[in-house]
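Below is one structure, written out as structure tokens; the observations come after it.
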Amino acid sequence: QDADSLAIVDPFMAEQPLSRLLAHPNYDAAPYMESMSSAQERVENFDAWNAQSMRKYVERVLHNPVHAMIGGQMGTAPSPNDPVFFLHHANVDRLWSLWQKAH
């Protein structure tokens, strides 16, 4: 992929400022196994659950969409085959470290 095809990630990340992540006081909050909820419950509670915990916010708002935006193998189970996977996950680790220092 050329650099222009990844330009969609920049505006997305600009909409999700670091301050929003660092504002989460709790690492995690119930429900802890959202997959046990019905699909309707997951859709209806998506924003509320993300607002309750740093883990959910990172995973659902900052992590998962980037896999889909990049596409190719990044959007599938063998995503570690894409070198971008490691850059993306290094950034997730960086965000986790910043949150730890703030809390």
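Ligands are numbered from 1 in the order shown, chains are lettered A, B, ... in the order of the structure tokens, and residues start at 1 in each chain.
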Shell around segment 43-47 of chain A at 10 Å using only C-alpha atoms, local window under 3 positions removed, as a PDB file with C-alpha atoms, in the first residue's frame:
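Dumped everything to selection-v1.pdb:
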```
ATOM      1  CA  GLU A  34     -18.995  -8.127  26.579  1.00  0.00           C
ATOM      2  CA  SER A  37     -23.878 -10.008  25.903  1.00  0.00           C
ATOM      3  CA  SER A  38     -26.315 -10.084  23.020  1.00  0.00           C
ATOM      4  CA  ALA A  39     -25.419  -8.272  19.806  1.00  0.00           C
ATOM      5  CA  GLN A  40     -28.153  -5.734  20.545  1.00  0.00           C
ATOM      6  CA  ASN A  50     -16.138   2.659  26.209  1.00  0.00           C
ATOM      7  CA  ALA A  51     -16.589   5.648  28.497  1.00  0.00           C
ATOM      8  CA  GLN A  52     -16.175   3.446  31.582  1.00  0.00           C
ATOM      9  CA  LYS A  56     -12.390  -0.766  26.326  1.00  0.00           C
ATOM     10  CA  TYR A  57     -11.596   2.663  24.876  1.00  0.00           C
ATOM     11  CA  ARG A  60     -12.577  -0.591  20.574  1.00  0.00           C
ATOM     12  CA  VAL A  61     -11.892   3.008  19.630  1.00  0.00           C
TER      13      VAL A  61
END
```
Check your understanding: Which is closer to His103 of chain A than all the others in A:Met54, A:Ala14, A:Ala48, A:Ala30, using only C-alpha atoms?
Key -> A:Met54
Check your understanding: Hey, what's within 12 Å of Pro11 of chain A if we count only C-alpha atoms and toss same-chain stuff fewer than 6 positions away? As a count of residues only, please?
Key -> 3
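Using only C-alpha atoms, the contacts of His67 of chain A at a cut-off of 12 Å, with sequence neighbours closer than 5 positions omitted, comprise Leu6, Ile8, Val9, Glu59, Arg60, Val61, Leu62, Gly72, Gln73, Met74, Gly75, Thr76, Ala77, Pro78, Ser79, Pro80, Asp82, Val84, Phe85, Phe86, Leu87, His88 and His89 of chain A.
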Exercise for review: List every residue of segment 33-102 of chain A that DSSP, applied to the backbone of this structure, assigns to alpha helix (DSSP H), and report them as a ChimeraX atom specification.
Suggested key: /A:39-52,54-56,64-70,83-102
Identify, on the basis of only C-alpha atoms, every residue whose closest approach to segment 96-102 of chain A does not exceed 12 Å; exclude the query and any residue fewer than 3 positions from it along the same chain; express the result as a PDB file with N, CA and C atoms, in the first residue's frame.
```pdb
ATOM      1  N   LEU A  18      -5.259  12.224  22.740  1.00  0.00           N
ATOM      2  CA  LEU A  18      -4.642  11.528  23.861  1.00  0.00           C
ATOM      3  C   LEU A  18      -5.315  11.912  25.178  1.00  0.00           C
ATOM      4  N   SER A  19      -5.734  13.155  25.304  1.00  0.00           N
ATOM      5  CA  SER A  19      -6.371  13.604  26.545  1.00  0.00           C
ATOM      6  C   SER A  19      -7.625  12.797  26.866  1.00  0.00           C
ATOM      7  N   ARG A  20      -8.339  12.361  25.842  1.00  0.00           N
ATOM      8  CA  ARG A  20      -9.538  11.546  26.062  1.00  0.00           C
ATOM      9  C   ARG A  20      -9.162  10.193  26.667  1.00  0.00           C
ATOM     10  N   LEU A  21      -8.095   9.602  26.163  1.00  0.00           N
ATOM     11  CA  LEU A  21      -7.624   8.336  26.725  1.00  0.00           C
ATOM     12  C   LEU A  21      -7.167   8.522  28.169  1.00  0.00           C
ATOM     13  N   LEU A  22      -6.367   9.538  28.412  1.00  0.00           N
ATOM     14  CA  LEU A  22      -5.809   9.743  29.736  1.00  0.00           C
ATOM     15  C   LEU A  22      -6.862  10.148  30.758  1.00  0.00           C
ATOM     16  N   ALA A  23      -8.013  10.597  30.315  1.00  0.00           N
ATOM     17  CA  ALA A  23      -9.085  10.995  31.226  1.00  0.00           C
ATOM     18  C   ALA A  23      -9.777   9.803  31.878  1.00  0.00           C
ATOM     19  N   HIS A  24      -9.595   8.617  31.334  1.00  0.00           N
ATOM     20  CA  HIS A  24     -10.221   7.425  31.910  1.00  0.00           C
ATOM     21  C   HIS A  24      -9.524   7.065  33.220  1.00  0.00           C
ATOM     22  N   PRO A  25     -10.226   7.157  34.355  1.00  0.00           N
ATOM     23  CA  PRO A  25      -9.576   6.834  35.628  1.00  0.00           C
ATOM     24  C   PRO A  25      -9.457   5.332  35.886  1.00  0.00           C
ATOM     25  N   ASN A  26     -10.304   4.530  35.253  1.00  0.00           N
ATOM     26  CA  ASN A  26     -10.339   3.094  35.515  1.00  0.00           C
ATOM     27  C   ASN A  26      -9.709   2.316  34.372  1.00  0.00           C
ATOM     28  N   TYR A  27      -8.882   1.324  34.735  1.00  0.00           N
ATOM     29  CA  TYR A  27      -8.332   0.452  33.701  1.00  0.00           C
ATOM     30  C   TYR A  27      -9.459  -0.317  33.019  1.00  0.00           C
ATOM     31  N   SER A  53     -14.033   2.608  30.762  1.00  0.00           N
ATOM     32  CA  SER A  53     -12.720   2.019  31.013  1.00  0.00           C
ATOM     33  C   SER A  53     -11.713   2.338  29.923  1.00  0.00           C
ATOM     34  N   MET A  54     -10.472   2.487  30.353  1.00  0.00           N
ATOM     35  CA  MET A  54      -9.387   2.725  29.427  1.00  0.00           C
ATOM     36  C   MET A  54      -9.210   1.520  28.504  1.00  0.00           C
ATOM     37  N   ARG A  55      -9.308   0.314  29.040  1.00  0.00           N
ATOM     38  CA  ARG A  55      -9.113  -0.879  28.214  1.00  0.00           C
ATOM     39  C   ARG A  55     -10.101  -0.928  27.066  1.00  0.00           C
ATOM     40  N   LYS A  56     -11.371  -0.709  27.373  1.00  0.00           N
ATOM     41  CA  LYS A  56     -12.390  -0.766  26.326  1.00  0.00           C
ATOM     42  C   LYS A  56     -12.181   0.355  25.298  1.00  0.00           C
ATOM     43  N   TYR A  57     -11.823   1.539  25.783  1.00  0.00           N
ATOM     44  CA  TYR A  57     -11.596   2.663  24.876  1.00  0.00           C
ATOM     45  C   TYR A  57     -10.428   2.373  23.935  1.00  0.00           C
ATOM     46  N   VAL A  58      -9.325   1.900  24.483  1.00  0.00           N
ATOM     47  CA  VAL A  58      -8.166   1.595  23.635  1.00  0.00           C
ATOM     48  C   VAL A  58      -8.515   0.502  22.632  1.00  0.00           C
ATOM     49  N   GLU A  59      -9.098  -0.566  23.141  1.00  0.00           N
ATOM     50  CA  GLU A  59      -9.372  -1.718  22.278  1.00  0.00           C
ATOM     51  C   GLU A  59     -10.365  -1.381  21.169  1.00  0.00           C
ATOM     52  N   LEU A  62      -9.454   2.936  19.612  1.00  0.00           N
ATOM     53  CA  LEU A  62      -8.140   3.239  19.054  1.00  0.00           C
ATOM     54  C   LEU A  62      -7.462   2.054  18.374  1.00  0.00           C
ATOM     55  N   HIS A  63      -7.788   0.835  18.777  1.00  0.00           N
ATOM     56  CA  HIS A  63      -7.111  -0.341  18.223  1.00  0.00           C
ATOM     57  C   HIS A  63      -7.867  -0.981  17.064  1.00  0.00           C
ATOM     58  N   HIS A  89       0.741  -1.979  17.076  1.00  0.00           N
ATOM     59  CA  HIS A  89       0.739  -2.495  18.442  1.00  0.00           C
ATOM     60  C   HIS A  89       1.793  -1.830  19.314  1.00  0.00           C
ATOM     61  N   ALA A  90       2.868  -1.363  18.721  1.00  0.00           N
ATOM     62  CA  ALA A  90       3.840  -0.573  19.487  1.00  0.00           C
ATOM     63  C   ALA A  90       3.185   0.733  19.948  1.00  0.00           C
ATOM     64  N   ASN A  91       2.353   1.311  19.106  1.00  0.00           N
ATOM     65  CA  ASN A  91       1.634   2.524  19.502  1.00  0.00           C
ATOM     66  C   ASN A  91       0.636   2.225  20.613  1.00  0.00           C
ATOM     67  N   VAL A  92      -0.063   1.101  20.536  1.00  0.00           N
ATOM     68  CA  VAL A  92      -0.992   0.711  21.606  1.00  0.00           C
ATOM     69  C   VAL A  92      -0.213   0.550  22.917  1.00  0.00           C
ATOM     70  N   ASP A  93       0.962  -0.059  22.853  1.00  0.00           N
ATOM     71  CA  ASP A  93       1.801  -0.194  24.047  1.00  0.00           C
ATOM     72  C   ASP A  93       2.228   1.177  24.574  1.00  0.00           C
TER      73      ASP A  93
END
```
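Taking atom CA of Phe12 of chain A and atom CA of Leu95 of chain A as the two end points, the separation is 15.7 Å.
Coordinates place atom CA of Ala68 of chain A at a distance of 14.8 Å from atom CA of Asn81 of chain A.
From atom CA of Arg94 of chain A back to atom CA of Asp28 of chain A, the distance works out to 17.8 Å.
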